[in-house]
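Participant: Structure file final.cif (mmCIF, C-alpha atoms and all ligand atoms) right here:
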data_protein
#
loop_
_atom_site.group_PDB
_atom_site.id
_atom_site.type_symbol
_atom_site.label_atom_id
_atom_site.label_comp_id
_atom_site.auth_asym_id
_atom_site.auth_seq_id
_atom_site.Cartn_x
_atom_site.Cartn_y
_atom_site.Cartn_z
ATOM 1 C CA MET A 1 -61.597 6.760 -15.538
ATOM 2 C CA ILE A 2 -60.897 10.487 -15.614
ATOM 3 C CA LEU A 3 -64.063 11.551 -17.399
ATOM 4 C CA ASN A 4 -67.658 11.371 -16.248
ATOM 5 C CA PHE A 5 -70.542 11.179 -18.737
ATOM 6 C CA ARG A 6 -73.767 12.713 -17.440
ATOM 7 C CA LYS A 7 -77.012 12.399 -19.393
ATOM 8 C CA ALA A 8 -78.114 15.909 -20.295
ATOM 9 C CA SER A 9 -81.547 17.313 -19.551
ATOM 10 C CA LEU A 10 -83.274 20.389 -20.952
ATOM 11 C CA ASN A 11 -81.909 22.340 -17.961
ATOM 12 C CA ASP A 12 -78.423 21.879 -19.404
ATOM 13 C CA TRP A 13 -79.225 23.892 -22.514
ATOM 14 C CA GLU A 14 -76.983 26.843 -21.570
ATOM 15 C CA ILE A 15 -74.027 24.566 -20.759
ATOM 16 C CA ILE A 16 -74.465 22.777 -24.090
ATOM 17 C CA SER A 17 -74.879 26.050 -25.973
ATOM 18 C CA SER A 18 -71.665 27.498 -24.550
ATOM 19 C CA LEU A 19 -69.697 24.313 -25.256
ATOM 20 C CA GLU A 20 -71.027 24.334 -28.834
ATOM 21 C CA LYS A 21 -70.087 28.002 -29.202
ATOM 22 C CA SER A 22 -66.558 27.333 -27.912
ATOM 23 C CA VAL A 23 -65.788 24.874 -30.743
ATOM 24 C CA ALA A 24 -67.369 26.684 -33.707
ATOM 25 C CA ASN A 25 -65.130 26.622 -36.753
ATOM 26 C CA LYS A 26 -65.483 26.395 -40.487
ATOM 27 C CA PHE A 27 -66.124 22.638 -40.365
ATOM 28 C CA TYR A 28 -68.471 22.668 -37.408
ATOM 29 C CA PHE A 29 -71.662 24.703 -37.140
ATOM 30 C CA PRO A 30 -72.660 24.987 -33.492
ATOM 31 C CA ILE A 31 -76.148 24.603 -32.026
ATOM 32 C CA ILE A 32 -76.521 27.765 -29.962
ATOM 33 C CA LYS A 33 -80.101 29.043 -29.689
ATOM 34 C CA GLU A 34 -82.233 27.831 -26.770
ATOM 35 C CA LYS A 35 -84.859 26.255 -29.023
ATOM 36 C CA GLU A 36 -82.285 24.495 -31.218
ATOM 37 C CA VAL A 37 -80.437 23.098 -28.197
ATOM 38 C CA LYS A 38 -83.671 21.911 -26.577
ATOM 39 C CA ASP A 39 -84.807 20.272 -29.827
ATOM 40 C CA TYR A 40 -81.413 18.533 -29.972
ATOM 41 C CA VAL A 41 -81.704 17.264 -26.359
ATOM 42 C CA ASN A 42 -85.237 16.016 -27.041
ATOM 43 C CA LYS A 43 -84.249 14.231 -30.265
ATOM 44 C CA SER A 44 -80.883 12.765 -29.225
ATOM 45 C CA GLU A 45 -79.272 11.148 -26.192
ATOM 46 C CA VAL A 46 -76.886 13.914 -25.215
ATOM 47 C CA TYR A 47 -74.180 13.473 -22.569
ATOM 48 C CA VAL A 48 -72.249 16.258 -20.890
ATOM 49 C CA ILE A 49 -68.600 15.218 -20.503
ATOM 50 C CA GLU A 50 -67.301 16.275 -17.096
ATOM 51 C CA LYS A 51 -63.792 16.407 -15.715
ATOM 52 C CA ASP A 52 -63.395 17.167 -11.999
ATOM 53 C CA ARG A 53 -67.150 17.976 -12.064
ATOM 54 C CA LYS A 54 -66.643 20.686 -14.715
ATOM 55 C CA PRO A 55 -68.361 20.403 -18.098
ATOM 56 C CA ILE A 56 -65.677 20.117 -20.778
ATOM 57 C CA GLY A 57 -67.630 18.761 -23.730
ATOM 58 C CA THR A 58 -70.567 16.855 -25.126
ATOM 59 C CA VAL A 59 -71.136 13.624 -26.989
ATOM 60 C CA SER A 60 -74.445 12.393 -28.399
ATOM 61 C CA TYR A 61 -76.259 9.949 -30.599
ATOM 62 C CA GLU A 62 -79.673 9.439 -32.114
ATOM 63 C CA GLU A 63 -81.326 6.038 -32.401
ATOM 64 C CA LYS A 64 -82.393 5.807 -36.049
ATOM 65 C CA SER A 65 -83.785 2.277 -35.664
ATOM 66 C CA LYS A 66 -83.277 -0.629 -33.293
ATOM 67 C CA ASP A 67 -80.243 -1.663 -35.371
ATOM 68 C CA HIS A 68 -78.836 1.752 -36.215
ATOM 69 C CA ALA A 69 -77.362 4.524 -34.044
ATOM 70 C CA TYR A 70 -76.135 7.808 -35.525
ATOM 71 C CA ILE A 71 -73.493 9.795 -33.605
ATOM 72 C CA ASP A 72 -74.651 13.380 -34.031
ATOM 73 C CA GLY A 73 -72.371 15.330 -31.703
ATOM 74 C CA LEU A 74 -68.898 15.505 -30.214
ATOM 75 C CA THR A 75 -67.370 18.638 -28.701
ATOM 76 C CA ILE A 76 -64.395 19.213 -26.423
ATOM 77 C CA ASN A 77 -63.790 22.761 -25.187
ATOM 78 C CA PRO A 78 -60.559 24.025 -26.840
ATOM 79 C CA LYS A 79 -58.969 24.511 -23.389
ATOM 80 C CA TYR A 80 -59.153 20.741 -22.920
ATOM 81 C CA GLN A 81 -58.388 19.568 -26.452
ATOM 82 C CA GLY A 82 -55.346 17.511 -27.425
ATOM 83 C CA ARG A 83 -55.373 15.394 -24.240
ATOM 84 C CA GLY A 84 -57.208 12.348 -25.601
ATOM 85 C CA TYR A 85 -60.606 13.282 -24.141
ATOM 86 C CA GLY A 86 -62.388 13.312 -27.524
ATOM 87 C CA SER A 87 -61.061 9.859 -28.232
ATOM 88 C CA GLU A 88 -62.030 8.651 -24.746
ATOM 89 C CA ALA A 89 -65.573 9.969 -25.266
ATOM 90 C CA ILE A 90 -65.957 8.063 -28.536
ATOM 91 C CA HIS A 91 -64.487 4.942 -26.962
ATOM 92 C CA TRP A 92 -67.053 5.219 -24.145
ATOM 93 C CA LEU A 93 -69.945 5.868 -26.540
ATOM 94 C CA THR A 94 -69.112 3.061 -28.964
ATOM 95 C CA LYS A 95 -68.950 0.586 -26.063
ATOM 96 C CA LYS A 96 -72.361 1.808 -24.962
ATOM 97 C CA LEU A 97 -73.664 1.356 -28.531
ATOM 98 C CA SER A 98 -72.100 -2.074 -29.047
ATOM 99 C CA GLU A 99 -75.482 -3.791 -29.492
ATOM 100 C CA TYR A 100 -76.370 -1.736 -32.574
ATOM 101 C CA LYS A 101 -75.512 -3.429 -35.882
ATOM 102 C CA ARG A 102 -74.626 -0.120 -37.482
ATOM 103 C CA VAL A 103 -73.138 2.969 -35.823
ATOM 104 C CA ASP A 104 -72.340 5.864 -38.144
ATOM 105 C CA LEU A 105 -71.759 9.584 -38.404
ATOM 106 C CA VAL A 106 -70.701 12.310 -40.808
ATOM 107 C CA THR A 107 -67.803 14.725 -40.536
ATOM 108 C CA HIS A 108 -66.043 17.247 -42.754
ATOM 109 C CA PRO A 109 -63.249 15.674 -44.867
ATOM 110 C CA HIS A 110 -60.781 18.278 -43.488
ATOM 111 C CA ASN A 111 -61.709 17.645 -39.840
ATOM 112 C CA SER A 112 -58.575 15.534 -39.365
ATOM 113 C CA LYS A 113 -58.762 15.374 -35.567
ATOM 114 C CA SER A 114 -62.242 13.911 -35.604
ATOM 115 C CA ILE A 115 -61.441 11.501 -38.460
ATOM 116 C CA ILE A 116 -58.394 10.206 -36.524
ATOM 117 C CA ILE A 117 -60.550 9.647 -33.439
ATOM 118 C CA TYR A 118 -63.114 7.608 -35.378
ATOM 119 C CA LEU A 119 -60.531 5.550 -37.278
ATOM 120 C CA LYS A 120 -58.780 4.748 -33.993
ATOM 121 C CA ASN A 121 -62.091 3.542 -32.603
ATOM 122 C CA GLY A 122 -62.827 1.051 -35.374
ATOM 123 C CA PHE A 123 -64.805 3.154 -37.867
ATOM 124 C CA LEU A 124 -64.252 2.865 -41.621
ATOM 125 C CA ILE A 125 -64.758 5.553 -44.251
ATOM 126 C CA ASP A 126 -67.949 4.568 -45.944
ATOM 127 C CA GLY A 127 -68.970 7.313 -48.356
ATOM 128 C CA TRP A 128 -68.864 10.900 -49.526
ATOM 129 C CA ARG A 129 -71.859 13.253 -49.528
ATOM 130 C CA ASP A 130 -71.679 16.540 -51.419
ATOM 131 C CA ASN A 131 -73.427 19.480 -49.743
ATOM 132 C CA TYR A 132 -74.716 17.207 -46.956
ATOM 133 C CA PHE A 133 -75.974 19.977 -44.632
ATOM 134 C CA GLY A 134 -76.818 22.396 -47.449
ATOM 135 C CA ASP A 135 -73.743 24.532 -46.617
ATOM 136 C CA GLY A 136 -72.039 23.831 -49.948
ATOM 137 C CA GLU A 137 -69.450 21.648 -48.153
ATOM 138 C CA PRO A 138 -69.053 17.878 -48.480
ATOM 139 C CA ARG A 139 -69.087 15.417 -45.575
ATOM 140 C CA ILE A 140 -67.670 11.917 -45.303
ATOM 141 C CA VAL A 141 -69.603 9.051 -43.753
ATOM 142 C CA LEU A 142 -67.798 6.838 -41.230
ATOM 143 C CA SER A 143 -69.352 3.643 -39.937
ATOM 144 C CA GLN A 144 -68.910 0.616 -37.727
ATOM 145 C CA VAL A 145 -70.864 -2.321 -39.108
ATOM 146 C CA LYS A 146 -71.095 -5.442 -36.954
ATOM 147 C CA ASN A 147 -72.348 -9.017 -37.240
ATOM 148 C CA ASN A 148 -72.368 -9.116 -41.013
ATOM 149 C CA LEU A 149 -68.786 -9.992 -41.881
HETATM 150 C C1 LIG B 1 -62.761 16.853 -32.674
HETATM 151 C C2 LIG B 1 -62.564 17.136 -31.181
HETATM 152 C C3 LIG B 1 -63.755 16.634 -30.385
HETATM 153 C C4 LIG B 1 -61.273 16.413 -30.750
HETATM 154 O O1 LIG B 1 -61.139 16.515 -29.332
HETATM 155 P P1 LIG B 1 -59.737 16.267 -28.598
HETATM 156 O O2 LIG B 1 -60.054 15.964 -27.177
HETATM 157 O O3 LIG B 1 -58.812 17.375 -28.897
HETATM 158 O O4 LIG B 1 -59.212 14.945 -29.331
HETATM 159 P P2 LIG B 1 -58.042 14.001 -28.844
HETATM 160 O O5 LIG B 1 -57.141 14.728 -27.866
HETATM 161 O O6 LIG B 1 -58.679 12.727 -28.420
HETATM 162 O O7 LIG B 1 -57.189 13.850 -30.173
HETATM 163 C C5 LIG B 1 -57.540 12.961 -31.169
HETATM 164 C C6 LIG B 1 -56.400 12.799 -32.149
HETATM 165 O O8 LIG B 1 -56.279 13.983 -32.929
HETATM 166 C C7 LIG B 1 -54.898 14.230 -33.174
HETATM 167 N N1 LIG B 1 -54.651 15.603 -32.814
HETATM 168 C C8 LIG B 1 -54.792 16.191 -31.615
HETATM 169 N N2 LIG B 1 -54.494 17.496 -31.702
HETATM 170 C C9 LIG B 1 -54.157 17.707 -33.002
HETATM 171 C C10 LIG B 1 -53.775 18.838 -33.742
HETATM 172 N N3 LIG B 1 -53.665 20.044 -33.155
HETATM 173 N N4 LIG B 1 -53.571 18.699 -35.083
HETATM 174 C C11 LIG B 1 -53.692 17.495 -35.683
HETATM 175 N N5 LIG B 1 -54.071 16.384 -35.027
HETATM 176 C C12 LIG B 1 -54.290 16.497 -33.714
HETATM 177 C C13 LIG B 1 -54.077 13.327 -32.361
HETATM 178 O O9 LIG B 1 -53.417 12.431 -33.265
HETATM 179 C C14 LIG B 1 -55.045 12.556 -31.511
HETATM 180 O O10 LIG B 1 -54.759 11.204 -31.618
HETATM 181 P P3 LIG B 1 -53.728 10.518 -30.561
HETATM 182 O O11 LIG B 1 -54.556 10.302 -29.321
HETATM 183 O O12 LIG B 1 -53.352 9.261 -31.269
HETATM 184 O O13 LIG B 1 -52.602 11.465 -30.346
HETATM 185 C C15 LIG B 1 -62.366 18.656 -30.902
HETATM 186 O O14 LIG B 1 -61.304 19.119 -31.706
HETATM 187 C C16 LIG B 1 -63.601 19.488 -31.189
HETATM 188 O O15 LIG B 1 -64.428 19.711 -30.293
HETATM 189 N N6 LIG B 1 -63.709 19.982 -32.440
HETATM 190 C C17 LIG B 1 -64.841 20.810 -32.854
HETATM 191 C C18 LIG B 1 -66.127 20.013 -32.974
HETATM 192 C C19 LIG B 1 -65.990 18.890 -33.959
HETATM 193 O O16 LIG B 1 -65.427 19.033 -35.031
HETATM 194 N N7 LIG B 1 -66.538 17.725 -33.569
HETATM 195 C C20 LIG B 1 -66.510 16.533 -34.371
HETATM 196 C C21 LIG B 1 -67.673 16.507 -35.284
HETATM 197 S S1 LIG B 1 -67.802 14.924 -36.089
#
Mind turning this structure into structure tokens?
Facilitator:
Amino acid sequence: MILNFRKASLNDWEIISSLEKSVANKFYFPIIKEKEVKDYVNKSEVYVIEKDRKPIGTVSYEEKSKDHAYIDGLTINPKYQGRGYGSEAIHWLTKKLSEYKRVDLVTHPHNSKSIIIYLKNGFLIDGWRDNYFGDGEPRIVLSQVKNNL
């Protein structure tokens, strides 16, 4: 495997902040301030994605209940995008979360790259939420639901 996934600690806040900053765009609002990043690391299981020991991205989830995990972060530094690393990160994370009955997330309906990654990894489009983050923009829900077919 080319990528290494290292569980982040609070000490990684500056690495996470700069990775978040590097991917900011109109569909993705980054977590940048020290307090916000630390709150995120405390609330979620955050992993720093490393290639050749260099941090190139992040992937994270929050356990909502013992049956339900919510993927709440995926970033790949633009210098490393388009090489399949985002997809590899979601493949790795979904394997890790295979015991949860429901794994879901939200993304912007125009965030084609992320939608492709999730569809390729077995997620289905599961809903539409207007103004989900209060930014006036909609989000779509994607989910993997297991053991209930
Ligand atoms: C979304 C993101 C993580 C994708 O990372 P990535 O490493 O570039 O993704 P991949 O290389 O695995 O590409 C995934 C798919 O997107 C498609 N893709 C890649 N580059 C593309 C481009 N420039 N335009 C359109 N589609 C593209 C490809 O079809 C690829 O699928 P393939 O493996 O079948 O070719 C990255 O763009 C990012 O950090 N974006 C900002 C943060 C964000 O939006 N996160 C997701 C929130 S839910």
Participant: Write out, as a Markdown table, each residue of chain A that has an atom at most 8 Å from ligand LIG 1 (chain B), together with the closest pair of atoms and their distance in Å to one decimal, counting all atoms listed in the file, rows going by chain and rising number.
Facilitator:
| residue | atom | partner | partner_atom | distance |
| --- | --- | --- | --- | --- |
| A:Glu20 | CA | B:LIG1 | C18 | 7.7 |
| A:Val23 | CA | B:LIG1 | C17 | 4.7 |
| A:Ala24 | CA | B:LIG1 | C17 | 6.5 |
| A:Asn25 | CA | B:LIG1 | C17 | 7.0 |
| A:Phe27 | CA | B:LIG1 | O16 | 6.5 |
| A:Tyr28 | CA | B:LIG1 | O16 | 5.3 |
| A:Gly57 | CA | B:LIG1 | O15 | 7.4 |
| A:Asp72 | CA | B:LIG1 | S1 | 7.3 |
| A:Gly73 | CA | B:LIG1 | C21 | 6.0 |
| A:Leu74 | CA | B:LIG1 | N7 | 4.7 |
| A:Thr75 | CA | B:LIG1 | O15 | 3.5 |
| A:Ile76 | CA | B:LIG1 | O15 | 3.9 |
| A:Asn77 | CA | B:LIG1 | O15 | 6.0 |
| A:Pro78 | CA | B:LIG1 | O15 | 6.7 |
| A:Tyr80 | CA | B:LIG1 | O2 | 6.5 |
| A:Gln81 | CA | B:LIG1 | O3 | 3.3 |
| A:Gly82 | CA | B:LIG1 | O5 | 3.3 |
| A:Arg83 | CA | B:LIG1 | O5 | 4.1 |
| A:Gly84 | CA | B:LIG1 | O6 | 3.2 |
| A:Tyr85 | CA | B:LIG1 | O2 | 4.1 |
| A:Gly86 | CA | B:LIG1 | O2 | 3.5 |
| A:Ser87 | CA | B:LIG1 | O6 | 3.7 |
| A:Glu88 | CA | B:LIG1 | O6 | 6.4 |
| A:Leu105 | CA | B:LIG1 | S1 | 7.0 |
| A:Val106 | CA | B:LIG1 | S1 | 6.1 |
| A:Thr107 | CA | B:LIG1 | S1 | 4.5 |
| A:His108 | CA | B:LIG1 | S1 | 7.3 |
| A:Asn111 | CA | B:LIG1 | O16 | 6.2 |
| A:Ser112 | CA | B:LIG1 | N5 | 6.3 |
| A:Lys113 | CA | B:LIG1 | O8 | 3.9 |
| A:Ser114 | CA | B:LIG1 | C1 | 4.2 |
| A:Ile115 | CA | B:LIG1 | S1 | 7.6 |
| A:Ile116 | CA | B:LIG1 | C6 | 5.5 |
| A:Ile117 | CA | B:LIG1 | C5 | 5.0 |
| A:Lys120 | CA | B:LIG1 | O12 | 7.6 |
Participant: What's the separation between CA of Asn121 (chain A) and CA of Lys95 (chain A), in Å to one decimal place?
Facilitator: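 CA of Asn121 (chain A) sits 9.9 Å away from CA of Lys95 (chain A).
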Participant: Counting all atoms listed in the file, figure out which residue out of A:Leu97, A:Tyr132, A:Ile90, A:Arg139 gets nearest to Lys66 (chain A).
Facilitator: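 Using all atoms listed in the file, the shortest distance to Lys66 (chain A) belongs to A:Leu97.
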Participant: Rank A:Ala89, A:Leu119, A:Leu124, A:Val145 by their smallest atom-to-atom distance to Ile2 (chain A), using all atoms listed in the file, and report the top residue only.
Facilitator: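 The closest residue to Ile2 (chain A) is A:Ala89.
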Participant: Which one of A:Lys21, A:Arg6, A:Lys146, A:Lys26 sits closest to Tyr47 (chain A) if you count all atoms listed in the file?
Facilitator: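 Closest to Tyr47 (chain A), using all atoms listed in the file: A:Arg6.
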Participant: Counting all atoms listed in the file, which residue out of A:Ala69, A:Leu10, A:Ile49, A:Val59 sits closest to Val37 (chain A)?
Facilitator: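 Using all atoms listed in the file, Val37 (chain A) sits closest to A:Leu10.
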Participant: Have a look at A:Ser44, A:Asp126, A:Lys38, A:Gln144 and name the one nearest to His68 (chain A); count all atoms listed in the file.
Facilitator: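 Selected residue with least distance to His68 (chain A): A:Gln144.
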Participant: Out of A:Tyr61, A:Tyr100, A:Trp128, A:Tyr118, which residue has the shortest atom-to-atom distance to Ile140 (chain A) when counting all atoms listed in the file?
Facilitator: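 Closest to Ile140 (chain A), using all atoms listed in the file: A:Trp128.
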Participant: So how far away is CA of Asp135 (chain A) from CA of Ser18 (chain A), in Å?
Facilitator: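 CA of Asp135 (chain A) lies 22.4 Å from CA of Ser18 (chain A).
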Participant: Would you work out the distance separating CA of Arg102 (chain A) from CA of Ser65 (chain A), expressed in Å to one decimal?
Facilitator: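 Distance reported for this atom pair: 9.6 Å.
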Participant: Neighbours of Lys35 (chain A) within 10 Å (only C-alpha atoms; same-chain residues fewer than 5 positions away dropped), as a CSV table (one decimal) with C-alpha atoms, in the frame of the given file?
Facilitator:
chain,number,residue,atom,x,y,z
A,13,TRP,CA,-79.2,23.9,-22.5
A,40,TYR,CA,-81.4,18.5,-30.0
A,41,VAL,CA,-81.7,17.3,-26.4
Participant: Near Ile125 (chain A), counting only C-alpha atoms, which residues have an atom at most 8 Å away, once you skip same-chain residues fewer than 4 positions from it, shown as a ChimeraX atom specification?
Facilitator: /A:140-143
Participant: Can you list, as a PyMOL selection string, every protein, DNA or RNA residue that comes within 6 Å of Glu50 (chain A) when you count all atoms listed in the file, leaving out same-chain residues fewer than 5 positions away?
Facilitator: chain A and resi 3-4+55-56
Participant: Print the selection's residues with C-alpha atoms to a file, as a CSV table (one decimal), keeping the file's coordinate frame.
Facilitator:
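Writing done, so here's again_9.csv:
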chain,number,residue,atom,x,y,z
A,3,LEU,CA,-64.1,11.6,-17.4
A,4,ASN,CA,-67.7,11.4,-16.2
A,55,PRO,CA,-68.4,20.4,-18.1
A,56,ILE,CA,-65.7,20.1,-20.8
